[in-house]
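Q: File structure_9.cif follows (mmCIF, C-alpha atoms):
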```
data_input
#
loop_
_atom_site.group_PDB
_atom_site.id
_atom_site.type_symbol
_atom_site.label_atom_id
_atom_site.label_comp_id
_atom_site.auth_asym_id
_atom_site.auth_seq_id
_atom_site.Cartn_x
_atom_site.Cartn_y
_atom_site.Cartn_z
ATOM 1 C CA MET O 1 103.926 100.005 145.287
ATOM 2 C CA THR O 2 105.514 99.933 141.815
ATOM 3 C CA PRO O 3 103.787 97.635 139.287
ATOM 4 C CA GLU O 4 105.896 94.918 137.702
ATOM 5 C CA TYR O 5 106.248 94.843 133.926
ATOM 6 C CA ARG O 6 107.021 91.739 131.954
ATOM 7 C CA GLU O 7 108.544 92.728 128.599
ATOM 8 C CA VAL O 8 108.236 89.201 127.267
ATOM 9 C CA GLU O 9 104.450 89.365 127.366
ATOM 10 C CA LEU O 10 104.359 92.666 125.484
ATOM 11 C CA PHE O 11 106.269 91.308 122.486
ATOM 12 C CA GLU O 12 105.354 87.631 122.586
ATOM 13 C CA VAL O 13 103.831 86.435 119.310
ATOM 14 C CA PRO O 14 100.861 84.095 119.788
ATOM 15 C CA SER O 15 101.528 80.587 118.502
ATOM 16 C CA PHE O 16 98.594 80.657 116.051
ATOM 17 C CA LEU O 17 100.317 83.539 114.170
ATOM 18 C CA THR O 18 103.542 81.635 113.505
ATOM 19 C CA PRO O 19 103.002 78.822 110.995
ATOM 20 C CA SER O 20 104.815 75.563 111.526
ATOM 21 C CA LEU O 21 107.232 74.399 108.841
ATOM 22 C CA VAL O 22 106.108 71.435 106.764
ATOM 23 C CA GLY O 23 108.909 69.530 105.094
ATOM 24 C CA ASP O 24 112.195 70.757 103.628
ATOM 25 C CA VAL O 25 111.555 73.520 101.085
ATOM 26 C CA SER O 26 115.040 73.406 99.515
ATOM 27 C CA LYS O 27 114.875 69.634 99.075
ATOM 28 C CA GLY O 28 111.373 69.840 97.591
ATOM 29 C CA MET O 29 112.407 72.507 95.097
ATOM 30 C CA ALA O 30 115.489 70.505 94.049
ATOM 31 C CA GLU O 31 113.413 67.337 93.498
ATOM 32 C CA SER O 32 110.525 69.002 91.654
ATOM 33 C CA ASP O 33 109.751 68.094 88.036
ATOM 34 C CA HIS O 34 109.329 71.706 86.957
ATOM 35 C CA GLN O 35 111.945 74.266 87.954
ATOM 36 C CA ILE O 36 112.356 77.947 87.214
ATOM 37 C CA HIS O 37 116.008 78.921 86.952
ATOM 38 C CA SER O 38 115.453 82.511 85.885
ATOM 39 C CA ALA O 39 112.510 84.835 85.496
ATOM 40 C CA GLU O 40 111.787 88.392 84.450
ATOM 41 C CA ILE O 41 108.757 90.326 85.586
ATOM 42 C CA LYS O 42 107.730 93.500 83.755
ATOM 43 C CA LEU O 43 105.011 95.720 85.162
ATOM 44 C CA PRO O 44 104.138 98.630 82.900
ATOM 45 C CA SER O 45 103.509 102.116 84.162
ATOM 46 C CA GLN O 46 100.069 102.554 85.684
ATOM 47 C CA TYR O 47 97.872 105.554 86.318
ATOM 48 C CA TYR O 48 96.958 106.546 89.862
ATOM 49 C CA PHE O 49 93.251 107.146 89.779
ATOM 50 C CA TYR O 50 92.659 108.747 93.144
ATOM 51 C CA MET O 51 89.206 109.955 94.026
ATOM 52 C CA GLU O 52 89.950 113.685 94.042
ATOM 53 C CA SER O 53 92.400 115.417 91.752
ATOM 54 C CA GLN O 54 95.236 117.568 93.123
ATOM 55 C CA THR O 55 94.178 120.844 94.663
ATOM 56 C CA THR O 56 95.877 123.530 96.777
ATOM 57 C CA LEU O 57 94.951 126.834 98.366
ATOM 58 C CA ALA O 58 97.829 129.119 99.362
ATOM 59 C CA VAL O 59 97.213 132.159 101.554
ATOM 60 C CA PRO O 60 99.980 134.678 102.322
ATOM 61 C CA ASP O 61 100.044 135.486 106.023
ATOM 62 C CA GLU O 62 101.757 138.160 108.085
ATOM 63 C CA ASP O 63 105.505 138.223 108.775
ATOM 64 C CA ASN O 64 106.515 136.549 105.501
ATOM 65 C CA CYS O 65 104.533 133.406 106.293
ATOM 66 C CA MET O 66 102.465 131.199 103.983
ATOM 67 C CA VAL O 67 99.465 129.047 104.922
ATOM 68 C CA VAL O 68 98.905 126.236 102.445
ATOM 69 C CA TYR O 69 95.912 123.915 102.320
ATOM 70 C CA SER O 70 97.098 120.904 100.330
ATOM 71 C CA SER O 71 95.574 117.555 99.403
ATOM 72 C CA SER O 72 98.921 115.868 100.049
ATOM 73 C CA GLN O 73 99.419 112.697 102.058
ATOM 74 C CA VAL O 74 102.833 113.994 103.196
ATOM 75 C CA PRO O 75 102.412 117.599 104.419
ATOM 76 C CA GLU O 76 105.902 117.743 105.934
ATOM 77 C CA SER O 77 107.484 117.213 102.514
ATOM 78 C CA VAL O 78 105.217 119.852 100.982
ATOM 79 C CA GLN O 79 106.322 122.269 103.714
ATOM 80 C CA SER O 80 109.994 121.600 102.975
ATOM 81 C CA ILE O 81 109.610 122.003 99.190
ATOM 82 C CA ILE O 82 107.613 125.219 99.509
ATOM 83 C CA SER O 83 110.115 126.757 101.920
ATOM 84 C CA ARG O 84 112.920 126.026 99.465
ATOM 85 C CA CYS O 85 110.963 127.403 96.506
ATOM 86 C CA LEU O 86 110.129 130.619 98.350
ATOM 87 C CA ASN O 87 113.520 130.854 100.068
ATOM 88 C CA ILE O 88 111.911 131.256 103.490
ATOM 89 C CA PRO O 89 112.397 129.186 106.662
ATOM 90 C CA GLU O 90 110.286 126.055 107.051
ATOM 91 C CA HIS O 91 108.679 127.437 110.204
ATOM 92 C CA ASN O 92 107.195 130.219 108.036
ATOM 93 C CA VAL O 93 105.248 127.667 105.983
ATOM 94 C CA ARG O 94 102.172 126.124 107.556
ATOM 95 C CA VAL O 95 100.670 123.215 105.629
ATOM 96 C CA ILE O 96 97.176 122.107 106.547
ATOM 97 C CA THR O 97 95.866 118.821 105.215
ATOM 98 C CA ARG O 98 92.325 117.725 105.829
ATOM 99 C CA ARG O 99 91.437 114.082 105.740
ATOM 100 C CA VAL O 100 92.846 112.512 102.585
ATOM 101 C CA GLY O 101 91.102 109.311 101.635
ATOM 102 C CA GLY O 102 91.316 107.298 98.468
ATOM 103 C CA GLY O 103 94.721 108.662 97.483
ATOM 104 C CA PHE O 104 96.256 105.194 97.053
ATOM 105 C CA GLY O 105 99.740 106.717 97.391
ATOM 106 C CA GLY O 106 99.259 109.083 94.456
ATOM 107 C CA LYS O 107 98.993 112.109 96.698
ATOM 108 C CA ALA O 108 102.191 111.443 98.605
ATOM 109 C CA ILE O 109 104.766 112.966 96.271
ATOM 110 C CA LYS O 110 102.567 113.934 93.340
ATOM 111 C CA ALA O 111 100.899 116.805 95.246
ATOM 112 C CA MET O 112 104.183 118.680 95.734
ATOM 113 C CA PRO O 113 104.512 120.365 92.306
ATOM 114 C CA VAL O 114 100.927 121.629 92.476
ATOM 115 C CA ALA O 115 101.355 122.951 96.030
ATOM 116 C CA ALA O 116 104.717 124.570 95.251
ATOM 117 C CA ALA O 117 103.409 126.307 92.106
ATOM 118 C CA CYS O 118 100.347 127.580 93.979
ATOM 119 C CA ALA O 119 102.422 128.858 96.910
ATOM 120 C CA LEU O 120 104.859 130.572 94.546
ATOM 121 C CA ALA O 121 102.019 132.357 92.743
ATOM 122 C CA ALA O 122 100.494 133.459 96.068
ATOM 123 C CA TYR O 123 103.886 134.642 97.303
ATOM 124 C CA LYS O 124 104.554 136.722 94.177
ATOM 125 C CA LEU O 125 101.017 138.130 93.923
ATOM 126 C CA ARG O 126 100.679 138.661 97.701
ATOM 127 C CA ARG O 127 97.147 137.317 97.551
ATOM 128 C CA SER O 128 95.371 133.989 97.925
ATOM 129 C CA VAL O 129 95.682 131.550 95.050
ATOM 130 C CA ARG O 130 93.758 128.326 94.543
ATOM 131 C CA THR O 131 94.972 125.661 92.147
ATOM 132 C CA TYR O 132 92.763 122.846 90.960
ATOM 133 C CA VAL O 133 94.153 120.377 88.450
ATOM 134 C CA ASN O 134 91.387 118.833 86.346
ATOM 135 C CA ARG O 135 91.448 115.072 85.768
ATOM 136 C CA LYS O 136 92.860 115.187 82.226
ATOM 137 C CA THR O 137 95.735 117.502 83.160
ATOM 138 C CA ASP O 138 96.357 115.500 86.325
ATOM 139 C CA MET O 139 96.697 112.293 84.320
ATOM 140 C CA ILE O 140 99.102 113.912 81.850
ATOM 141 C CA LEU O 141 101.312 115.645 84.414
ATOM 142 C CA LEU O 142 101.355 113.634 87.579
ATOM 143 C CA ALA O 143 99.416 110.448 87.830
ATOM 144 C CA ARG O 144 101.735 107.665 86.665
ATOM 145 C CA THR O 145 103.769 105.081 88.503
ATOM 146 C CA TRP O 146 107.235 103.972 87.447
ATOM 147 C CA ILE O 147 107.799 100.961 85.218
ATOM 148 C CA LEU O 148 109.019 97.990 87.244
ATOM 149 C CA ILE O 149 111.371 95.349 85.832
ATOM 150 C CA SER O 150 112.657 92.588 88.077
ATOM 151 C CA ASN O 151 115.156 89.900 87.048
ATOM 152 C CA GLU O 152 115.607 86.809 89.194
ATOM 153 C CA ARG O 153 118.344 84.311 88.469
ATOM 154 C CA GLU O 154 119.570 81.275 90.298
#
```
Just give me the structure of the file as structure tokens.
A:
Amino acid sequence: MTPEYREVELFEVPSFLTPSLVGDVSKGMAESDHQIHSAEIKLPSQYYFYMESQTTLAVPDEDNCMVVYSSSQVPESVQSIISRCLNIPEHNVRVITRRVGGGFGGKAIKAMPVAAACALAAYKLRRSVRTYVNRKTDMILLARTWILISNERE
């Protein structure tokens, strides 16, 4: 006997999660004593201060392959960048990432230059290379967010 599936139950949002509307928002905003017709928000650049600085270990393997241990949050991007830098197929680059905690997004893209430089050195030297970026160098080279400016006008 084939079980019956009810798709509605799988995607039904419980009523306590959907707030009920109270009043007319547009009317309330139009009648308010204080109105904002335009605004500009400026958020300066900030430093990522992740728990561990960027580190990579690159180990040349047989058959023109490279094994890379990276502290990246996005190992698939590291694999792609390294394969392009070394001019080898992506399937020849194996990126291993252990648990990455406390990266706060700073190890997503910011780990790529460190991993690529380490892999390139290992590829040219045909021996294992470990790169560890100390905190000061990390802050100078990699650890900043972009400046955000948002303009809102009516």
Q: Under the rule of at most 7 Å, produce a per-residue listing of segment 21-93 of chain O near segment 134-148 of chain O: chain, number, name, the closest pair of atoms, and the distance in Å, as a Markdown table, using all atoms listed in the file.
A:
```
| residue | atom | partner | partner_atom | distance |
| --- | --- | --- | --- | --- |
| O:Lys42 | CA | O:Leu148 | CA | 5.8 |
| O:Leu43 | CA | O:Leu148 | CA | 5.1 |
| O:Pro44 | CA | O:Ile147 | CA | 4.9 |
| O:Ser45 | CA | O:Ile147 | CA | 4.6 |
| O:Gln46 | CA | O:Thr145 | CA | 5.3 |
| O:Tyr47 | CA | O:Arg144 | CA | 4.4 |
| O:Tyr48 | CA | O:Ala143 | CA | 5.0 |
| O:Ser53 | CA | O:Arg135 | CA | 6.1 |
```
Q: Let's have the selection written as an mmCIF file, in the frame of the given file, with C-alpha atoms.
A:
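The new file selection_4.cif reads:
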```
data_model
loop_
_atom_site.group_PDB
_atom_site.id
_atom_site.type_symbol
_atom_site.label_atom_id
_atom_site.label_comp_id
_atom_site.auth_asym_id
_atom_site.auth_seq_id
_atom_site.Cartn_x
_atom_site.Cartn_y
_atom_site.Cartn_z
ATOM 1 C CA LYS O 42 107.730 93.500 83.755
ATOM 2 C CA LEU O 43 105.011 95.720 85.162
ATOM 3 C CA PRO O 44 104.138 98.630 82.900
ATOM 4 C CA SER O 45 103.509 102.116 84.162
ATOM 5 C CA GLN O 46 100.069 102.554 85.684
ATOM 6 C CA TYR O 47 97.872 105.554 86.318
ATOM 7 C CA TYR O 48 96.958 106.546 89.862
ATOM 8 C CA SER O 53 92.400 115.417 91.752
#
```
Q: Calculate how many Å separate atom CA of Asn64 of chain O from atom CA of Lys110 of chain O, rounding to one decimal.
A: 26.0 Å
Q: Once the PyMOL selection byres ((chain O and resi 121) around 12) has been applied to the shown file, what residues remain in the selection, as a list in words?
A: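 Written out, the selection comes to Thr56, Leu57, Ala58, Val59, Pro60, Met66, Val68, Ile82, Cys85, Leu86, Val114, Ala115, Ala116, Ala117, Cys118, Ala119, Leu120, Ala122, Tyr123, Lys124, Leu125, Arg126, Arg127, Ser128, Val129, Arg130 and Thr131 of chain O.
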Q: Under the PyMOL selection byres ((chain O and resi 92) around 9), which residues of this model are included? Write them out as a VMD selection string.
A: chain O and resid 63 to 67 83 88 to 91 93 to 94
Q: Pick the closest to Pro75 of chain O from O:Leu17, O:Ile149, O:Ile109, O:Val22: which is it, counting only C-alpha atoms?
A: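 The shortest atom-to-atom distance to Pro75 of chain O comes from O:Ile109.
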Q: Could you give me segment 40-51 of chain O completed to all heavy atoms, formatted as a short mmCIF file (atom, residue, chain, number, x, y, z; two decimals), in the frame of the given file?
A:
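Output file rebuild_38.cif is given in full below:
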```
data_model
loop_
_atom_site.label_atom_id
_atom_site.label_comp_id
_atom_site.auth_asym_id
_atom_site.auth_seq_id
_atom_site.Cartn_x
_atom_site.Cartn_y
_atom_site.Cartn_z
N GLU O 40 111.83 86.94 84.56
CA GLU O 40 111.79 88.39 84.45
C GLU O 40 110.33 88.82 84.55
O GLU O 40 109.47 88.28 83.87
CB GLU O 40 112.38 88.85 83.13
CG GLU O 40 112.41 90.37 82.99
CD GLU O 40 113.10 90.84 81.73
OE1 GLU O 40 112.41 90.93 80.70
OE2 GLU O 40 114.31 91.09 81.80
N ILE O 41 110.10 89.79 85.41
CA ILE O 41 108.76 90.33 85.59
C ILE O 41 108.77 91.78 85.12
O ILE O 41 109.62 92.55 85.54
CB ILE O 41 108.33 90.26 87.07
CG1 ILE O 41 108.30 88.81 87.55
CG2 ILE O 41 106.98 90.92 87.27
CD1 ILE O 41 108.10 88.68 89.04
N LYS O 42 107.85 92.12 84.23
CA LYS O 42 107.73 93.50 83.76
C LYS O 42 106.32 94.00 84.08
O LYS O 42 105.35 93.42 83.66
CB LYS O 42 107.94 93.58 82.25
CG LYS O 42 109.34 93.29 81.80
CD LYS O 42 109.47 93.43 80.29
CE LYS O 42 110.87 93.10 79.84
NZ LYS O 42 111.02 93.20 78.37
N LEU O 43 106.28 95.07 84.86
CA LEU O 43 105.01 95.72 85.16
C LEU O 43 105.03 97.10 84.51
O LEU O 43 105.89 97.92 84.83
CB LEU O 43 104.82 95.86 86.67
CG LEU O 43 104.76 94.56 87.46
CD1 LEU O 43 104.66 94.85 88.95
CD2 LEU O 43 103.59 93.71 87.01
N PRO O 44 104.13 97.34 83.58
CA PRO O 44 104.14 98.63 82.90
C PRO O 44 103.72 99.75 83.84
O PRO O 44 103.21 99.52 84.94
CB PRO O 44 103.10 98.43 81.79
CG PRO O 44 102.19 97.38 82.31
CD PRO O 44 103.04 96.48 83.15
N SER O 45 103.93 100.96 83.39
CA SER O 45 103.51 102.12 84.16
C SER O 45 101.99 102.09 84.30
O SER O 45 101.28 101.66 83.38
CB SER O 45 103.95 103.39 83.44
OG SER O 45 103.49 104.50 84.12
N GLN O 46 101.51 102.53 85.44
CA GLN O 46 100.07 102.55 85.68
C GLN O 46 99.66 103.96 86.10
O GLN O 46 100.46 104.72 86.63
CB GLN O 46 99.70 101.57 86.80
CG GLN O 46 100.05 100.15 86.49
CD GLN O 46 99.80 99.25 87.69
OE1 GLN O 46 99.44 99.69 88.78
NE2 GLN O 46 100.01 97.96 87.50
N TYR O 47 98.40 104.26 85.88
CA TYR O 47 97.87 105.55 86.32
C TYR O 47 97.31 105.43 87.72
O TYR O 47 96.60 104.48 88.03
CB TYR O 47 96.74 106.02 85.40
CG TYR O 47 97.21 106.55 84.08
CD1 TYR O 47 97.09 105.81 82.92
CD2 TYR O 47 97.77 107.82 83.99
CE1 TYR O 47 97.53 106.30 81.71
CE2 TYR O 47 98.21 108.32 82.78
CZ TYR O 47 98.08 107.55 81.65
OH TYR O 47 98.51 108.05 80.47
N TYR O 48 97.66 106.42 88.59
CA TYR O 48 96.96 106.55 89.86
C TYR O 48 95.60 107.13 89.51
O TYR O 48 95.51 108.10 88.77
CB TYR O 48 97.66 107.55 90.78
CG TYR O 48 98.91 107.05 91.44
CD1 TYR O 48 100.15 107.56 91.11
CD2 TYR O 48 98.84 106.08 92.44
CE1 TYR O 48 101.29 107.13 91.75
CE2 TYR O 48 99.97 105.63 93.07
CZ TYR O 48 101.19 106.16 92.73
OH TYR O 48 102.32 105.74 93.37
N PHE O 49 94.57 106.56 90.02
CA PHE O 49 93.25 107.15 89.78
C PHE O 49 92.62 107.41 91.14
O PHE O 49 91.72 106.73 91.58
CB PHE O 49 92.38 106.22 88.92
CG PHE O 49 91.24 106.94 88.28
CD1 PHE O 49 91.44 107.72 87.16
CD2 PHE O 49 89.97 106.87 88.81
CE1 PHE O 49 90.40 108.40 86.57
CE2 PHE O 49 88.91 107.55 88.23
CZ PHE O 49 89.13 108.31 87.10
N TYR O 50 93.17 108.41 91.83
CA TYR O 50 92.66 108.75 93.14
C TYR O 50 91.32 109.45 92.99
O TYR O 50 90.97 109.95 91.93
CB TYR O 50 93.65 109.60 93.94
CG TYR O 50 94.59 110.43 93.11
CD1 TYR O 50 94.18 111.60 92.51
CD2 TYR O 50 95.91 110.01 92.91
CE1 TYR O 50 95.04 112.36 91.76
CE2 TYR O 50 96.77 110.77 92.16
CZ TYR O 50 96.33 111.94 91.57
OH TYR O 50 97.19 112.68 90.82
N MET O 51 90.59 109.47 94.08
CA MET O 51 89.21 109.96 94.03
C MET O 51 89.08 111.44 93.73
O MET O 51 88.18 111.87 93.03
CB MET O 51 88.50 109.63 95.34
CG MET O 51 88.35 108.15 95.55
SD MET O 51 87.70 107.83 97.16
CE MET O 51 87.04 106.21 96.92
#
```
